[in-house]
Amino acid sequence: MAKVPAAAVAASGLIGGYGVARWTKKRQLGGVVLAAAGAAAAQQWKQQAGGKAAGALTAAYVAAFAGSHPLAKKVGAWPAVFGVAGAVALASWAVADRRA
């Protein structure tokens, strides 16, 4: 079975976490999705690129989540989420996924 790239896992976590929170109106449930995908991506990042890279990419994932909130006030919620998800996916690919 083919492995899902960490870039896709991380982007899906940001997008899916927001979507679940929005559609269920339960922010905690969206947080569970966000955290689960982040943990899965971090595990892949550590295997593919080592602990320091995994730490940096995890920090970028958390920063993207936090940064999407003020960005949403300027461009809208979905564009902000897609933008930060794309940025995290690109970073993941550059640092970890292209090595695999």
# chains A, B, ... in the order shown; residues from 1 in each chain; ligands from 1
>>> closest_atom_pairs(of="segment 32-66 of chain A", to="segment 76-84 of chain A", cutoff="9 Å", atoms="only C-alpha atoms", output="JSON lines")
{"residue": "A:Tyr61", "atom": "CA", "partner": "A:Val84", "partner_atom": "CA", "distance": 8.6}
{"residue": "A:Ala64", "atom": "CA", "partner": "A:Val84", "partner_atom": "CA", "distance": 5.4}
{"residue": "A:Phe65", "atom": "CA", "partner": "A:Val84", "partner_atom": "CA", "distance": 7.5}
>>> residues_around(residues="Leu57 of chain A", least_positions_apart="4", cutoff="10 Å", atoms="only C-alpha atoms", output="VMD selection string")
chain A and resid 10 38 41 to 42 45 to 46 51 to 53 61 to 63 88 to 89 91 to 92 95 to 96
>>> atom_distance(atom1="atom CA of Ala6 of chain A", atom2="atom CA of Gln44 of chain A")
6.1 Å
>>> atom_distance(atom1="atom CA of Val75 of chain A", atom2="atom CA of Val33 of chain A")
23.6 Å
>>> residues_around(residues="Gly19 of chain A", least_positions_apart="2", cutoff="12 Å", atoms="only C-alpha atoms", output="PDB file with all heavy atoms, in the first residue's frame")
ATOM      1  N   SER A  12      -4.425  18.220   4.984  1.00  0.00           N
ATOM      2  CA  SER A  12      -5.748  17.671   5.281  1.00  0.00           C
ATOM      3  C   SER A  12      -6.155  17.935   6.727  1.00  0.00           C
ATOM      4  O   SER A  12      -7.338  18.149   7.011  1.00  0.00           O
ATOM      5  CB  SER A  12      -5.775  16.170   5.008  1.00  0.00           C
ATOM      6  OG  SER A  12      -5.562  15.916   3.651  1.00  0.00           O
ATOM      7  N   GLY A  13      -5.193  17.912   7.628  1.00  0.00           N
ATOM      8  CA  GLY A  13      -5.491  18.198   9.027  1.00  0.00           C
ATOM      9  C   GLY A  13      -5.947  19.623   9.240  1.00  0.00           C
ATOM     10  O   GLY A  13      -6.903  19.880   9.988  1.00  0.00           O
ATOM     11  N   LEU A  14      -5.294  20.560   8.577  1.00  0.00           N
ATOM     12  CA  LEU A  14      -5.689  21.967   8.704  1.00  0.00           C
ATOM     13  C   LEU A  14      -7.060  22.210   8.056  1.00  0.00           C
ATOM     14  O   LEU A  14      -7.935  22.836   8.649  1.00  0.00           O
ATOM     15  CB  LEU A  14      -4.620  22.867   8.079  1.00  0.00           C
ATOM     16  CG  LEU A  14      -3.317  22.942   8.873  1.00  0.00           C
ATOM     17  CD1 LEU A  14      -2.177  23.456   8.002  1.00  0.00           C
ATOM     18  CD2 LEU A  14      -3.497  23.823  10.098  1.00  0.00           C
ATOM     19  N   ILE A  15      -7.241  21.689   6.865  1.00  0.00           N
ATOM     20  CA  ILE A  15      -8.503  21.882   6.156  1.00  0.00           C
ATOM     21  C   ILE A  15      -9.628  21.098   6.841  1.00  0.00           C
ATOM     22  O   ILE A  15     -10.717  21.629   7.089  1.00  0.00           O
ATOM     23  CB  ILE A  15      -8.363  21.472   4.678  1.00  0.00           C
ATOM     24  CG1 ILE A  15      -7.380  22.410   3.973  1.00  0.00           C
ATOM     25  CG2 ILE A  15      -9.723  21.467   3.980  1.00  0.00           C
ATOM     26  CD1 ILE A  15      -6.904  21.912   2.621  1.00  0.00           C
ATOM     27  N   GLY A  16      -9.344  19.836   7.138  1.00  0.00           N
ATOM     28  CA  GLY A  16     -10.359  18.994   7.769  1.00  0.00           C
ATOM     29  C   GLY A  16     -10.728  19.463   9.160  1.00  0.00           C
ATOM     30  O   GLY A  16     -11.899  19.421   9.545  1.00  0.00           O
ATOM     31  N   GLY A  17      -9.750  19.909   9.926  1.00  0.00           N
ATOM     32  CA  GLY A  17     -10.029  20.405  11.262  1.00  0.00           C
ATOM     33  C   GLY A  17     -10.957  21.601  11.228  1.00  0.00           C
ATOM     34  O   GLY A  17     -11.929  21.680  11.992  1.00  0.00           O
ATOM     35  N   ALA A  21     -14.930  21.555  12.489  1.00  0.00           N
ATOM     36  CA  ALA A  21     -15.341  22.547  13.499  1.00  0.00           C
ATOM     37  C   ALA A  21     -16.489  23.413  12.976  1.00  0.00           C
ATOM     38  O   ALA A  21     -17.447  23.690  13.702  1.00  0.00           O
ATOM     39  CB  ALA A  21     -14.163  23.417  13.902  1.00  0.00           C
ATOM     40  N   ARG A  22     -16.391  23.807  11.745  1.00  0.00           N
ATOM     41  CA  ARG A  22     -17.420  24.682  11.173  1.00  0.00           C
ATOM     42  C   ARG A  22     -18.749  23.962  10.984  1.00  0.00           C
ATOM     43  O   ARG A  22     -19.799  24.478  11.338  1.00  0.00           O
ATOM     44  CB  ARG A  22     -16.931  25.237   9.841  1.00  0.00           C
ATOM     45  CG  ARG A  22     -17.932  26.167   9.216  1.00  0.00           C
ATOM     46  CD  ARG A  22     -17.371  26.857   8.016  1.00  0.00           C
ATOM     47  NE  ARG A  22     -18.404  27.685   7.415  1.00  0.00           N
ATOM     48  CZ  ARG A  22     -18.148  28.801   6.793  1.00  0.00           C
ATOM     49  NH1 ARG A  22     -16.927  29.244   6.681  1.00  0.00           N
ATOM     50  NH2 ARG A  22     -19.125  29.491   6.258  1.00  0.00           N
ATOM     51  N   TRP A  23     -18.693  22.748  10.413  1.00  0.00           N
ATOM     52  CA  TRP A  23     -19.935  22.063  10.073  1.00  0.00           C
ATOM     53  C   TRP A  23     -20.623  21.406  11.268  1.00  0.00           C
ATOM     54  O   TRP A  23     -21.835  21.272  11.275  1.00  0.00           O
ATOM     55  CB  TRP A  23     -19.702  21.073   8.948  1.00  0.00           C
ATOM     56  CG  TRP A  23     -19.456  21.794   7.646  1.00  0.00           C
ATOM     57  CD1 TRP A  23     -20.161  22.847   7.144  1.00  0.00           C
ATOM     58  CD2 TRP A  23     -18.428  21.545   6.705  1.00  0.00           C
ATOM     59  NE1 TRP A  23     -19.633  23.261   5.940  1.00  0.00           N
ATOM     60  CE2 TRP A  23     -18.568  22.476   5.645  1.00  0.00           C
ATOM     61  CE3 TRP A  23     -17.392  20.622   6.626  1.00  0.00           C
ATOM     62  CZ2 TRP A  23     -17.732  22.510   4.551  1.00  0.00           C
ATOM     63  CZ3 TRP A  23     -16.560  20.652   5.527  1.00  0.00           C
ATOM     64  CH2 TRP A  23     -16.727  21.594   4.503  1.00  0.00           C
ATOM     65  N   THR A  24     -19.846  21.003  12.257  1.00  0.00           N
ATOM     66  CA  THR A  24     -20.463  20.400  13.446  1.00  0.00           C
ATOM     67  C   THR A  24     -20.759  21.439  14.519  1.00  0.00           C
ATOM     68  O   THR A  24     -21.470  21.146  15.472  1.00  0.00           O
ATOM     69  CB  THR A  24     -19.561  19.320  14.060  1.00  0.00           C
ATOM     70  OG1 THR A  24     -18.367  19.920  14.552  1.00  0.00           O
ATOM     71  CG2 THR A  24     -19.257  18.208  13.069  1.00  0.00           C
ATOM     72  N   LYS A  25     -20.162  22.630  14.368  1.00  0.00           N
ATOM     73  CA  LYS A  25     -20.252  23.696  15.375  1.00  0.00           C
ATOM     74  C   LYS A  25     -19.655  23.248  16.718  1.00  0.00           C
ATOM     75  O   LYS A  25     -20.042  23.729  17.766  1.00  0.00           O
ATOM     76  CB  LYS A  25     -21.693  24.178  15.542  1.00  0.00           C
ATOM     77  CG  LYS A  25     -22.277  24.708  14.238  1.00  0.00           C
ATOM     78  CD  LYS A  25     -23.438  25.592  14.454  1.00  0.00           C
ATOM     79  CE  LYS A  25     -24.117  26.068  13.187  1.00  0.00           C
ATOM     80  NZ  LYS A  25     -23.348  26.336  12.044  1.00  0.00           N
ATOM     81  N   LYS A  26     -18.706  22.328  16.651  1.00  0.00           N
ATOM     82  CA  LYS A  26     -17.998  21.844  17.833  1.00  0.00           C
ATOM     83  C   LYS A  26     -16.498  22.035  17.590  1.00  0.00           C
ATOM     84  O   LYS A  26     -15.857  21.227  16.922  1.00  0.00           O
ATOM     85  CB  LYS A  26     -18.314  20.373  18.093  1.00  0.00           C
ATOM     86  CG  LYS A  26     -19.786  20.134  18.391  1.00  0.00           C
ATOM     87  CD  LYS A  26     -20.026  18.726  18.802  1.00  0.00           C
ATOM     88  CE  LYS A  26     -21.467  18.371  18.955  1.00  0.00           C
ATOM     89  NZ  LYS A  26     -22.291  19.175  19.746  1.00  0.00           N
ATOM     90  N   ARG A  27     -15.976  23.129  18.141  1.00  0.00           N
ATOM     91  CA  ARG A  27     -14.564  23.462  17.922  1.00  0.00           C
ATOM     92  C   ARG A  27     -13.642  22.375  18.441  1.00  0.00           C
ATOM     93  O   ARG A  27     -12.587  22.112  17.861  1.00  0.00           O
ATOM     94  CB  ARG A  27     -14.239  24.799  18.580  1.00  0.00           C
ATOM     95  CG  ARG A  27     -14.965  25.955  17.924  1.00  0.00           C
ATOM     96  CD  ARG A  27     -14.681  27.259  18.602  1.00  0.00           C
ATOM     97  NE  ARG A  27     -13.312  27.647  18.303  1.00  0.00           N
ATOM     98  CZ  ARG A  27     -12.754  28.753  18.728  1.00  0.00           C
ATOM     99  NH1 ARG A  27     -13.440  29.590  19.474  1.00  0.00           N
ATOM    100  NH2 ARG A  27     -11.512  29.032  18.422  1.00  0.00           N
ATOM    101  N   LEU A  29     -14.091  19.178  18.432  1.00  0.00           N
ATOM    102  CA  LEU A  29     -14.019  18.082  17.467  1.00  0.00           C
ATOM    103  C   LEU A  29     -13.076  18.438  16.323  1.00  0.00           C
ATOM    104  O   LEU A  29     -12.284  17.601  15.875  1.00  0.00           O
ATOM    105  CB  LEU A  29     -15.422  17.762  16.950  1.00  0.00           C
ATOM    106  CG  LEU A  29     -15.598  16.474  16.169  1.00  0.00           C
ATOM    107  CD1 LEU A  29     -15.090  15.270  16.954  1.00  0.00           C
ATOM    108  CD2 LEU A  29     -17.066  16.283  15.811  1.00  0.00           C
ATOM    109  N   GLY A  30     -13.133  19.671  15.875  1.00  0.00           N
ATOM    110  CA  GLY A  30     -12.179  20.129  14.867  1.00  0.00           C
ATOM    111  C   GLY A  30     -10.761  20.079  15.388  1.00  0.00           C
ATOM    112  O   GLY A  30      -9.826  19.732  14.661  1.00  0.00           O
ATOM    113  N   GLY A  31     -10.585  20.395  16.672  1.00  0.00           N
ATOM    114  CA  GLY A  31      -9.264  20.321  17.292  1.00  0.00           C
ATOM    115  C   GLY A  31      -8.727  18.913  17.342  1.00  0.00           C
ATOM    116  O   GLY A  31      -7.518  18.689  17.186  1.00  0.00           O
ATOM    117  N   VAL A  32      -9.603  17.948  17.542  1.00  0.00           N
ATOM    118  CA  VAL A  32      -9.186  16.540  17.548  1.00  0.00           C
ATOM    119  C   VAL A  32      -8.663  16.145  16.171  1.00  0.00           C
ATOM    120  O   VAL A  32      -7.619  15.501  16.052  1.00  0.00           O
ATOM    121  CB  VAL A  32     -10.350  15.616  17.986  1.00  0.00           C
ATOM    122  CG1 VAL A  32     -10.029  14.156  17.739  1.00  0.00           C
ATOM    123  CG2 VAL A  32     -10.689  15.853  19.453  1.00  0.00           C
ATOM    124  N   VAL A  33      -9.384  16.549  15.133  1.00  0.00           N
ATOM    125  CA  VAL A  33      -8.942  16.261  13.759  1.00  0.00           C
ATOM    126  C   VAL A  33      -7.596  16.929  13.489  1.00  0.00           C
ATOM    127  O   VAL A  33      -6.670  16.302  12.964  1.00  0.00           O
ATOM    128  CB  VAL A  33     -10.007  16.725  12.739  1.00  0.00           C
ATOM    129  CG1 VAL A  33      -9.499  16.614  11.311  1.00  0.00           C
ATOM    130  CG2 VAL A  33     -11.295  15.928  12.911  1.00  0.00           C
ATOM    131  N   LEU A  34      -7.485  18.199  13.857  1.00  0.00           N
ATOM    132  CA  LEU A  34      -6.246  18.952  13.665  1.00  0.00           C
ATOM    133  C   LEU A  34      -5.074  18.279  14.386  1.00  0.00           C
ATOM    134  O   LEU A  34      -4.000  18.089  13.802  1.00  0.00           O
ATOM    135  CB  LEU A  34      -6.435  20.374  14.178  1.00  0.00           C
ATOM    136  CG  LEU A  34      -5.241  21.304  14.082  1.00  0.00           C
ATOM    137  CD1 LEU A  34      -5.127  21.837  12.666  1.00  0.00           C
ATOM    138  CD2 LEU A  34      -5.396  22.458  15.051  1.00  0.00           C
ATOM    139  N   ALA A  77     -12.398  33.086   5.665  1.00  0.00           N
ATOM    140  CA  ALA A  77     -12.000  31.878   6.386  1.00  0.00           C
ATOM    141  C   ALA A  77     -11.427  30.790   5.475  1.00  0.00           C
ATOM    142  O   ALA A  77     -10.314  30.308   5.704  1.00  0.00           O
ATOM    143  CB  ALA A  77     -13.192  31.328   7.175  1.00  0.00           C
ATOM    144  N   TRP A  78     -12.188  30.394   4.474  1.00  0.00           N
ATOM    145  CA  TRP A  78     -11.693  29.303   3.629  1.00  0.00           C
ATOM    146  C   TRP A  78     -10.421  29.667   2.864  1.00  0.00           C
ATOM    147  O   TRP A  78      -9.489  28.857   2.815  1.00  0.00           O
ATOM    148  CB  TRP A  78     -12.791  28.805   2.684  1.00  0.00           C
ATOM    149  CG  TRP A  78     -13.742  27.870   3.369  1.00  0.00           C
ATOM    150  CD1 TRP A  78     -15.046  28.103   3.657  1.00  0.00           C
ATOM    151  CD2 TRP A  78     -13.457  26.562   3.877  1.00  0.00           C
ATOM    152  NE1 TRP A  78     -15.583  27.021   4.313  1.00  0.00           N
ATOM    153  CE2 TRP A  78     -14.644  26.057   4.460  1.00  0.00           C
ATOM    154  CE3 TRP A  78     -12.320  25.763   3.908  1.00  0.00           C
ATOM    155  CZ2 TRP A  78     -14.723  24.801   5.051  1.00  0.00           C
ATOM    156  CZ3 TRP A  78     -12.403  24.516   4.495  1.00  0.00           C
ATOM    157  CH2 TRP A  78     -13.583  24.042   5.056  1.00  0.00           C
ATOM    158  N   VAL A  81      -7.564  29.301   5.318  1.00  0.00           N
ATOM    159  CA  VAL A  81      -7.252  27.907   5.638  1.00  0.00           C
ATOM    160  C   VAL A  81      -6.532  27.235   4.475  1.00  0.00           C
ATOM    161  O   VAL A  81      -5.528  26.551   4.666  1.00  0.00           O
ATOM    162  CB  VAL A  81      -8.535  27.134   6.021  1.00  0.00           C
ATOM    163  CG1 VAL A  81      -8.273  25.643   6.124  1.00  0.00           C
ATOM    164  CG2 VAL A  81      -9.101  27.665   7.338  1.00  0.00           C
ATOM    165  N   PHE A  82      -7.034  27.437   3.259  1.00  0.00           N
ATOM    166  CA  PHE A  82      -6.365  26.839   2.098  1.00  0.00           C
ATOM    167  C   PHE A  82      -4.960  27.410   1.903  1.00  0.00           C
ATOM    168  O   PHE A  82      -4.037  26.679   1.530  1.00  0.00           O
ATOM    169  CB  PHE A  82      -7.200  27.025   0.828  1.00  0.00           C
ATOM    170  CG  PHE A  82      -8.401  26.123   0.749  1.00  0.00           C
ATOM    171  CD1 PHE A  82      -9.650  26.651   0.516  1.00  0.00           C
ATOM    172  CD2 PHE A  82      -8.294  24.757   0.914  1.00  0.00           C
ATOM    173  CE1 PHE A  82     -10.772  25.833   0.452  1.00  0.00           C
ATOM    174  CE2 PHE A  82      -9.399  23.924   0.855  1.00  0.00           C
ATOM    175  CZ  PHE A  82     -10.650  24.465   0.615  1.00  0.00           C
TER     176      PHE A  82
END
>>> closest_residue(among="A:Gly55, A:Pro5, A:Gly67, A:Gly50", to="Trp93 of chain A", atoms="only C-alpha atoms")
A:Pro5
>>> atom_distance(atom1="atom CA of Tyr18 of chain A", atom2="atom CA of Asp97 of chain A")
23.9 Å
>>> closest_residue(among="A:Gly86, A:Arg99, A:Gln28, A:Lys73", to="Gln47 of chain A", atoms="only C-alpha atoms")
A:Arg99
